[in-house]
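A quick write-up on the structure given underneath.
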Amino acid sequence: MSSFVIKTLRWGKNYLLSILDSHLIHYPSPLNLTYAWSFGSSAGICLVIQLLSGIFLAMHYTPHIDLAFSSVEHIMRDVNNGWLIRYIHANGASMFFIVVYCHIFRGLYYGSYMQPRQLLWCSGVLIFILMMGTAFMGYVLPWGQMSFWGATVITSLVTAVPVVGQSIVDWLWGGFTVNNATLNRFFSLHFFLPFIIAALTLIHLALLHKDGSNNPLGVDSTGDKIPFYPYYVIKDLFAFFCFLTFFGVFVFYFPNALGHPDNYIPADPMQTPAHIVPEWYFLPFYAVLRSIPDKLGGVAAMGGALIVLFLIPFTNTSEIRSTTFRPIFKIFYWLLVADFLLLGWIGQKPVKDVFVWVGQVATVFYFLFFVVLIPVIGIIEAKLVSYKTKRYVRDNKTYIKLSRIF
């Protein structure tokens, strides 16, 4: 009996435990990973927090237009620690997006999309898009003013799609307007999609471990590796607890700072809010939508702003991974970061001429960066490196000849 237990508990000998051992304990990791690589593990823990808190909320939530708002208030007031679970889930969505946005921009800076990690990058983009869909449906569930009108405005945009647009909207609504069938559909999908995201996260992790982690230098090396445990487990845990402190400040001291006050008013189909805005993590893409005066063009631009992320591994022409060693690209990278923040700021502003104009300029730069600048800058930098290398070789040969003469 004891020998069976010992053999079973030996990580390297047991089939199931050996998978965990190879992916979490003895997984060979580059020696020089910084805290910027902790965003991935923090995102995974955020997903677990959202899943668990969401399951507990679903036990008390009622997906009915007459009871949804009251059930949320019931959770807040009557359920033991319901206020805590609800605030963890609501603010957890924002924290999740903060971590994922940092993770995406880190990958963009250090060239994590380059060969052989194209599928890894694309799987991450797919997870991000599913996250946005899940978050949008979750925002509708409290059935406040902003929930109802946000659902009405965003789903109505699908009617711009030729031929099938109206049919898709009728199916989403379950009728001719946002109603009880809509709320039930959104609740079911909001509960189901996180498990799809979790499955894709496992695929994402498998693809990462297939080709190995990137590193700040952007150099592929089979040497200079250390086991993931204990070095990066401790490092990631420290990063996560620092993030958890930041998370806790919002949950306990500013629980409604990232939400909209109108969502504490029950949904009223007869009264439109003065200014309809989505959650902050949608604002950059909402600004892209509003920057195009045509309805179909706006929907296409908003969708394109997400789809264009899939193209990065295939439009890239640079052979240098890390932006640290790409001075021209580094300038435009930080301009992109500023542009993305600007789009987020524009997304919450009213539709006025000056804000529309700024949003259009920011939108043009956003697409210009991914479609034009990434391939063009790679070509320019390659030519500059080639020129400098040839010049160095020529000067070196000249120096050798002169040294032989004298």
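Naming works like this for the structure tokens: A, B, ... for the chains as they're shown, residue 1 at the start of each chain, ligands 1 onward in shown order.
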Alpha helix (DSSP H) per DSSP on the backbone: members of stretch 188-331 of chain A, as JSON, numbers by chain: {"A": [188, 189, 190, 191, 192, 193, 194, 195, 196, 197, 198, 199, 200, 201, 202, 203, 204, 205, 206, 207, 208, 209, 210, 211, 231, 232, 233, 234, 235, 236, 237, 238, 239, 240, 241, 242, 243, 244, 245, 246, 247, 248, 249, 250, 251, 252, 253, 283, 284, 285, 286, 287, 288, 289, 290, 291, 295, 296, 297, 298, 299, 300, 301, 302, 303, 304, 305, 306, 307, 308, 309, 310, 311, 312, 313, 314, 315, 327, 328, 329, 330, 331]}
For A:Gly304, find every residue with an atom within 9 Å (counting only C-alpha atoms), except residues of its own chain fewer than 5 positions away, and show them as a PyMOL selection string. chain A and resi 299+309+367
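Counting only C-alpha atoms, A:Gly303 has the following residues at most 12 Å away, ignoring those fewer than 6 positions along the same chain: Ile129, Met132, Leu157, Val158, Val161, Phe285, Tyr286, Val288, Leu289, Leu296, Gly297, Leu309, Phe310 and Phe367 of chain A.
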Taking only C-alpha atoms into account, which of A:Val376, A:Leu20, A:Val308, A:Ile55 comes nearest A:Val125? A:Val308
Compile the contact shell of A:Ile49 as a ChimeraX atom specification: residues with an atom at most 9 Å away, counting only C-alpha atoms, same-chain residues fewer than 6 positions apart removed. /A:88-89,92
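Backbone DSSP over stretch 177-294 of chain A gives strand (DSSP E or B) for Lys225, Ile226, Pro227 and Pro266 of chain A.
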To one decimal place in Å, what is the distance between atom CA of A:Tyr232 and atom CA of A:Asn91? 26.8 Å
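Taking atom CA of A:Val337 as the reference point, atom CA of A:His103 is found at 13.0 Å.
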Distance table requested - stretch 106-172 of chain A against stretch 191-203 of chain A, cut-off 7 Å, only C-alpha atoms: one row per qualifying residue with the closest atom pair and its distance in Å to one decimal, ordered by chain and rising residue number, as JSON lines.
{"residue": "A:Ile127", "atom": "CA", "partner": "A:Ile197", "partner_atom": "CA", "distance": 6.0}
{"residue": "A:Leu130", "atom": "CA", "partner": "A:Ile197", "partner_atom": "CA", "distance": 6.9}
{"residue": "A:Thr134", "atom": "CA", "partner": "A:Leu193", "partner_atom": "CA", "distance": 6.3}
Writer output for current selection, all heavy atoms, as an mmCIF file, in the first residue's frame:
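selection_31.cif, written as the output of this step:
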data_model
loop_
_atom_site.group_PDB
_atom_site.id
_atom_site.type_symbol
_atom_site.label_atom_id
_atom_site.label_comp_id
_atom_site.auth_asym_id
_atom_site.auth_seq_id
_atom_site.Cartn_x
_atom_site.Cartn_y
_atom_site.Cartn_z
ATOM 1 N N ILE A 127 -8.797 34.836 -27.321
ATOM 2 C CA ILE A 127 -9.215 34.893 -25.925
ATOM 3 C C ILE A 127 -9.666 36.311 -25.565
ATOM 4 O O ILE A 127 -10.688 36.516 -24.901
ATOM 5 C CB ILE A 127 -8.077 34.437 -24.993
ATOM 6 C CG1 ILE A 127 -7.823 32.938 -25.156
ATOM 7 C CG2 ILE A 127 -8.391 34.765 -23.536
ATOM 8 C CD1 ILE A 127 -6.581 32.449 -24.454
ATOM 9 N N LEU A 130 -13.133 37.029 -27.014
ATOM 10 C CA LEU A 130 -14.159 36.343 -26.223
ATOM 11 C C LEU A 130 -14.361 37.018 -24.867
ATOM 12 O O LEU A 130 -15.482 37.087 -24.354
ATOM 13 C CB LEU A 130 -13.787 34.877 -26.031
ATOM 14 C CG LEU A 130 -13.917 33.980 -27.262
ATOM 15 C CD1 LEU A 130 -13.427 32.576 -26.952
ATOM 16 C CD2 LEU A 130 -15.358 33.930 -27.752
ATOM 17 N N THR A 134 -17.896 38.401 -23.457
ATOM 18 C CA THR A 134 -18.380 37.966 -22.145
ATOM 19 C C THR A 134 -18.630 39.158 -21.230
ATOM 20 O O THR A 134 -19.647 39.217 -20.524
ATOM 21 C CB THR A 134 -17.352 37.017 -21.493
ATOM 22 O OG1 THR A 134 -17.073 35.938 -22.390
ATOM 23 C CG2 THR A 134 -17.870 36.468 -20.182
#
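For the pair atom CA of A:His26 and atom CA of A:Ile226, the separation is 8.2 Å.
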So that I can check the surroundings of A:Phe370, please list as a tab-separated table (two decimals) with N, CA, C and O atoms, in the first residue's frame every protein, DNA and RNA residue that reaches within 8 Å of it, counting only C-alpha atoms and ignoring chain neighbours fewer than 2 positions away.
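Okay, part.tsv is ready:
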chain	number	residue	atom	x	y	z
A	308	VAL	N	-7.47	43.16	-36.84
A	308	VAL	CA	-6.14	43.54	-37.31
A	308	VAL	C	-5.04	42.99	-36.41
A	308	VAL	O	-3.90	42.80	-36.84
A	309	LEU	N	-5.39	42.67	-35.15
A	309	LEU	CA	-4.41	42.11	-34.23
A	309	LEU	C	-3.95	40.72	-34.68
A	309	LEU	O	-2.83	40.31	-34.39
A	311	LEU	N	-3.30	39.93	-37.66
A	311	LEU	CA	-2.41	40.07	-38.81
A	311	LEU	C	-0.96	40.36	-38.43
A	311	LEU	O	-0.07	40.22	-39.26
A	312	ILE	N	-0.73	40.78	-37.19
A	312	ILE	CA	0.62	41.24	-36.80
A	312	ILE	C	1.71	40.21	-37.09
A	312	ILE	O	2.74	40.55	-37.66
A	366	TYR	N	-4.09	54.31	-35.48
A	366	TYR	CA	-4.22	52.94	-34.95
A	366	TYR	C	-4.10	51.93	-36.08
A	366	TYR	O	-3.30	50.98	-36.02
A	367	PHE	N	-4.89	52.13	-37.15
A	367	PHE	CA	-4.84	51.19	-38.28
A	367	PHE	C	-3.54	51.33	-39.07
A	367	PHE	O	-3.01	50.34	-39.58
A	368	LEU	N	-3.05	52.55	-39.17
A	368	LEU	CA	-1.79	52.79	-39.90
A	368	LEU	C	-0.65	52.02	-39.25
A	368	LEU	O	0.21	51.45	-39.94
A	372	VAL	N	0.44	49.34	-41.92
A	372	VAL	CA	1.51	49.95	-42.73
A	372	VAL	C	2.83	50.02	-41.98
A	372	VAL	O	3.88	49.57	-42.47
A	373	LEU	N	2.82	50.60	-40.78
A	373	LEU	CA	4.08	50.89	-40.08
A	373	LEU	C	4.84	49.63	-39.67
A	373	LEU	O	6.08	49.61	-39.77
A	374	ILE	N	4.14	48.62	-39.19
A	374	ILE	CA	4.85	47.40	-38.77
A	374	ILE	C	5.68	46.79	-39.91
A	374	ILE	O	6.86	46.53	-39.74
Contacts of stretch 59-65 of chain A within 8 Å, only C-alpha atoms, excl. fewer than 6 positions in-chain, as a PyMOL selection string: chain A and resi 71-72+75+141+143+179-180+183-184+187
Output for the residues just chosen: N, CA, C and O atoms as a PDB file, in the first residue's frame:
ATOM      1  N   SER A  71     -32.769  41.368  -7.741  1.00  0.00           N
ATOM      2  CA  SER A  71     -31.936  40.246  -7.290  1.00  0.00           C
ATOM      3  C   SER A  71     -30.506  40.689  -7.020  1.00  0.00           C
ATOM      4  O   SER A  71     -29.856  40.180  -6.101  1.00  0.00           O
ATOM      5  N   VAL A  72     -30.021  41.648  -7.810  1.00  0.00           N
ATOM      6  CA  VAL A  72     -28.683  42.200  -7.564  1.00  0.00           C
ATOM      7  C   VAL A  72     -28.671  42.947  -6.233  1.00  0.00           C
ATOM      8  O   VAL A  72     -27.729  42.820  -5.434  1.00  0.00           O
ATOM      9  N   ILE A  75     -28.614  40.445  -3.477  1.00  0.00           N
ATOM     10  CA  ILE A  75     -27.255  39.943  -3.260  1.00  0.00           C
ATOM     11  C   ILE A  75     -26.450  40.929  -2.419  1.00  0.00           C
ATOM     12  O   ILE A  75     -25.745  40.549  -1.475  1.00  0.00           O
ATOM     13  N   LEU A 141     -26.452  42.330 -17.409  1.00  0.00           N
ATOM     14  CA  LEU A 141     -27.202  41.544 -16.423  1.00  0.00           C
ATOM     15  C   LEU A 141     -27.787  42.338 -15.250  1.00  0.00           C
ATOM     16  O   LEU A 141     -28.885  41.998 -14.793  1.00  0.00           O
ATOM     17  N   TRP A 143     -29.293  44.989 -15.255  1.00  0.00           N
ATOM     18  CA  TRP A 143     -30.532  45.552 -15.782  1.00  0.00           C
ATOM     19  C   TRP A 143     -30.805  46.952 -15.218  1.00  0.00           C
ATOM     20  O   TRP A 143     -31.928  47.304 -14.861  1.00  0.00           O
ATOM     21  N   ASN A 179     -35.646  42.562 -24.490  1.00  0.00           N
ATOM     22  CA  ASN A 179     -36.691  42.155 -23.553  1.00  0.00           C
ATOM     23  C   ASN A 179     -36.198  40.999 -22.688  1.00  0.00           C
ATOM     24  O   ASN A 179     -34.995  40.768 -22.580  1.00  0.00           O
ATOM     25  N   ASN A 180     -37.128  40.275 -22.106  1.00  0.00           N
ATOM     26  CA  ASN A 180     -36.759  39.199 -21.191  1.00  0.00           C
ATOM     27  C   ASN A 180     -35.975  38.085 -21.886  1.00  0.00           C
ATOM     28  O   ASN A 180     -35.041  37.514 -21.307  1.00  0.00           O
ATOM     29  N   LEU A 183     -32.339  39.095 -22.091  1.00  0.00           N
ATOM     30  CA  LEU A 183     -31.645  38.939 -20.816  1.00  0.00           C
ATOM     31  C   LEU A 183     -31.303  37.479 -20.546  1.00  0.00           C
ATOM     32  O   LEU A 183     -30.190  37.165 -20.084  1.00  0.00           O
ATOM     33  N   ASN A 184     -32.216  36.579 -20.848  1.00  0.00           N
ATOM     34  CA  ASN A 184     -31.944  35.150 -20.654  1.00  0.00           C
ATOM     35  C   ASN A 184     -30.827  34.651 -21.562  1.00  0.00           C
ATOM     36  O   ASN A 184     -29.975  33.862 -21.142  1.00  0.00           O
ATOM     37  N   PHE A 187     -27.530  36.035 -20.194  1.00  0.00           N
ATOM     38  CA  PHE A 187     -27.124  35.349 -18.959  1.00  0.00           C
ATOM     39  C   PHE A 187     -26.538  33.970 -19.270  1.00  0.00           C
ATOM     40  O   PHE A 187     -25.494  33.587 -18.726  1.00  0.00           O
TER      41      PHE A 187
END
A:Asn214: which residues within 8 Å, counting only C-alpha atoms, same-chain residues fewer than 6 positions away excluded, as a PyMOL selection string? chain A and resi 30+110+112+220
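With only C-alpha atoms as the basis for measurement, A:Val371 is the residue among A:Ile19, A:Val371, A:Cys242, A:Leu84 that approaches A:Ala305 most closely.
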The residue from A:Pro327, A:Pro266, A:Gly248, A:Gly359 with the smallest atom-to-atom distance to A:Tyr87, counting only C-alpha atoms, is A:Gly248
